[in-house]
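Trainee: Next up is a structure, given as structure tokens.
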Amino acid sequence: MSYDILIKKDKYKQFHLKGNPFVKTSAEAMTEEEILETLVFTAEDESIATNIDIVLSGGGATISLVGDYGTGKSVRAVAIAETFKKHGGLVFLCKVPSGDPVRYAIALFESVCPEALSLKLAVEDKDFIFEIREYYKNLTIKNLELDSHKAGRDLASVFSLLSKNDYSTCFIIDEFEELISAGNEREIREAFTLTREYLSRVHGLKKHITVICSSPKSWQMVKDVHPAVISRIMAEIEFEDLDNNAAVELVSKRLKIYREDNPPNPIFPFTREVIEKANEVAYHNPRYLLVILRSTLEAALKRDGSQRVELQDLDTGIRLARGKLSTSILKRMKEELTTRELDIFLKICEKFNGGPVFASQLAESLDIDQGNISRYLNKLAKIGYLNQNREGQKVLFEAKELYKVVFARKKAIKLEAKTDKNEE
Ligand SMILES: Nc1ncnc2c1ncn2[C@@H]1O[C@H](COP(=O)(O)OP(=O)(O)O)[C@@H](O)[C@H]1O
Ligand SMILES: [Mg+2]
């Protein structure tokens with residue numbers, strides 16, 4: 001928390017707020033209550049609800065929530081967990097640790113076994129779970145090799161046992177993409193094999209749901225390595241862009257938990273225009289939207305005589321948020337793009353100020369064959385980093401607004417700073 005909140009208290013009051021509602025930009029930073037109060041349902045939630053319904057009526061389901069960093073997977077995980085608990089179900093949550101498959105296996109068993117052992121079960125069932133837990137917990141200490149097939153089966157057998165004892169269970173595996181961010185190819189395969197074995201054993205298990213939250217790239221990788229996995233998934237739920245109505249609702253719900261008195265309207269001091277523009281710049285990603293609104297509100301507070309948030313505050317806000325945005329956007333880009341593609345894209349932003357630029361100009365500047373550069377550019381356009389516009393016979397490429405703001409002007413500022421230093 002920054003001191004801003006203290007020293008501008010009166011100003012916040014004028015906006016009918018008791019602080020900055022956009023400070024928390026991830027599920028992990030929020031309380032369960034805050035998450036549930038601010039959650040906005042989108043089309044994806046219909047599919048989630050359908051699957052919960054199936055399980056609560058005695059069936060089984062496996063679903064994957066697939067979306068980029070900040071699209072709201074973890075807040076959904078919390079909402080799913082809450083619904084299950086309300087209906088008397090048991091919820092187990094595993095945040096995947098980065099690193100080797102042994103750590104993955106240990107994390108999975110540790111998120112299930114201790115709680116399972118506290119349940120009312122027959123002695124032999126408890127012994128069974130106890131032994132499994134001890135075995136995996138001590139893998140590294142005893143220097144044992146992980147049998148990923150067996151681990152997948154063992155994990156599933158714990159859930160089968162709970163299902164036989166009439167427990168409804170929900171197992172959430174969040175941050176699945178961590179598996180690929182740290183492991184080498186062999187390790188990743190091992191971890192995927194464990195996951196596949198597990199999924200095929202819990203497939204159709206009564207009163208059980210497995211929810212896997214993953215980035216699109218990691219999810220695609222599992223499907224490439226183990227195509228059969230997909231036949232075990234009842235619903236692959238992909239998070240689409242946050243539309244403007246959802247963005248407005250998100251803002252209004254966020255503001256609501258920071259109100260002390262009644263505002264002139266639910267989105268005051270914002271306007272629909274500012275929110276829509278921010279959502280566009282945020283590339284319709286909820287986390288980026290929150291990051292931008294946070295500094296936009298700060299900018300409005302600092303501006304003398306401000307009565308509400310204006311478009312000029314948004315401009316200032318975006319500039320202030322650039323550092324935070326670039327870290328998280330780069331993280332996502334490194335997941336999605338090859339080194340070469342990332343290089344080319346950043347070059348467009350930095351050297352050409354985001355474009356518009358012709359393939360031929362880039363080919364010359366980067367010393368790459370024009371045919372090759374065109375292929376890279378077409379791919380970058382296809383996956384949403386660049387806009388394409390035809391000019392006569394040729395095509396102009398231009399970075400999308402968000403990337404321009406974050407990466408293009410950054411260079412300019414760096415240059416300004418350098419010049420200042422030289423003058424000193
Ligand atoms: N549908 C939504 N309704 C309300 N807030 C959302 C929604 N989707 C995302 N958010 C907000 O965006 C931020 C990022 O969400 P999070 O679940 O942590 O993303 P992920 O797990 O996909 O990286 C959180 O602060 C969350 O409150
Ligand atoms: Mg998350």
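Lettering and numbering for the structure tokens are positional, with chains as A, B, ... in the shown order, residues counted from 1 in each chain, and ligands counted from 1 in the shown order.
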Counting only C-alpha atoms and all ligand atoms, what residues are within 8 Å of ligand 2, given as a PyMOL selection string?
Mentor: chain A and resi 26-28+69-70+72-75+174-175+213
Trainee: Please find the residues contacting ligand 1 at a distance of at most 9 Å between atoms, with only C-alpha atoms and all ligand atoms counted, and report them as a ChimeraX atom specification.
Mentor: /A:22-30,34-42,45,65-78,174-175,213-215,239,242,246-247,249-251,253-254,285-290
Trainee: Mind checking DSSP for region 53-230 of chain A and telling me the alpha helix (DSSP H) residues as a PyMOL selection string?
Mentor: chain A and resi 53-56+73-86+101-117+123-137+148-164+178-182+185-202+216-225
Trainee: Please provide the set of residues having any atom within 8 Å of Ile237 (chain A), restricted to only C-alpha atoms, with same-chain residues fewer than 4 positions apart removed, written as a list in words.
Mentor: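 Residues near the query, excluding close chain neighbours: Glu44, Ser47, Ile48, Ile63, Ser64, Leu65 and Val66 of chain A.
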Trainee: Tell me which of A:Ile129, A:Val281, A:Glu335, A:Lys324 sits closest to Met221 (chain A), counting only C-alpha atoms.
Mentor: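 Going through A:Ile129, A:Val281, A:Glu335, A:Lys324 one by one, the smallest distance to Met221 (chain A) is for A:Glu335.
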Trainee: Residues at most 7 Å from region 177-189 of chain A, counting only C-alpha atoms, excluding those fewer than 5 positions away in the same chain, as number ranges by chain?
Mentor: A: 96-101, 214-215, 218
Trainee: Those residues you just picked out, can you put them in a file as a PDB file, in the first residue's frame with N, CA and C atoms?
Mentor:
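File written: result_18.pdb
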```pdb
ATOM      1  N   VAL A  96       0.609 -25.104  -9.175  1.00  0.00           N
ATOM      2  CA  VAL A  96       1.757 -25.844  -9.699  1.00  0.00           C
ATOM      3  C   VAL A  96       3.053 -25.077  -9.443  1.00  0.00           C
ATOM      4  N   PRO A  97       4.038 -25.758  -8.807  1.00  0.00           N
ATOM      5  CA  PRO A  97       5.318 -25.086  -8.593  1.00  0.00           C
ATOM      6  C   PRO A  97       6.135 -25.192  -9.877  1.00  0.00           C
ATOM      7  N   SER A  98       6.960 -24.209 -10.140  1.00  0.00           N
ATOM      8  CA  SER A  98       7.792 -24.336 -11.330  1.00  0.00           C
ATOM      9  C   SER A  98       8.849 -25.388 -11.043  1.00  0.00           C
ATOM     10  N   GLY A  99       9.347 -25.996 -12.075  1.00  0.00           N
ATOM     11  CA  GLY A  99      10.436 -26.942 -11.861  1.00  0.00           C
ATOM     12  C   GLY A  99      10.119 -28.350 -12.270  1.00  0.00           C
ATOM     13  N   ASP A 100      10.811 -29.279 -11.628  1.00  0.00           N
ATOM     14  CA  ASP A 100      10.799 -30.656 -12.136  1.00  0.00           C
ATOM     15  C   ASP A 100       9.519 -31.414 -11.778  1.00  0.00           C
ATOM     16  N   PRO A 101       9.281 -32.529 -12.464  1.00  0.00           N
ATOM     17  CA  PRO A 101       8.063 -33.312 -12.244  1.00  0.00           C
ATOM     18  C   PRO A 101       7.953 -33.867 -10.827  1.00  0.00           C
ATOM     19  N   SER A 214      -4.783 -22.955 -17.262  1.00  0.00           N
ATOM     20  CA  SER A 214      -3.519 -22.933 -18.016  1.00  0.00           C
ATOM     21  C   SER A 214      -3.466 -21.786 -19.008  1.00  0.00           C
ATOM     22  N   SER A 215      -2.252 -21.406 -19.362  1.00  0.00           N
ATOM     23  CA  SER A 215      -2.091 -20.440 -20.455  1.00  0.00           C
ATOM     24  C   SER A 215      -2.334 -21.199 -21.760  1.00  0.00           C
ATOM     25  N   SER A 218       0.750 -23.449 -22.974  1.00  0.00           N
ATOM     26  CA  SER A 218       0.995 -24.695 -22.259  1.00  0.00           C
ATOM     27  C   SER A 218      -0.081 -25.718 -22.580  1.00  0.00           C
TER      28      SER A 218
END
```
Trainee: Just checking: using only C-alpha atoms, which residue out of A:Leu386, A:Leu301, A:Leu325, A:Ala235 ends up closest to Lys13 (chain A)?
Mentor: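 Residue with the minimum atom-to-atom distance to Lys13 (chain A): A:Leu301.
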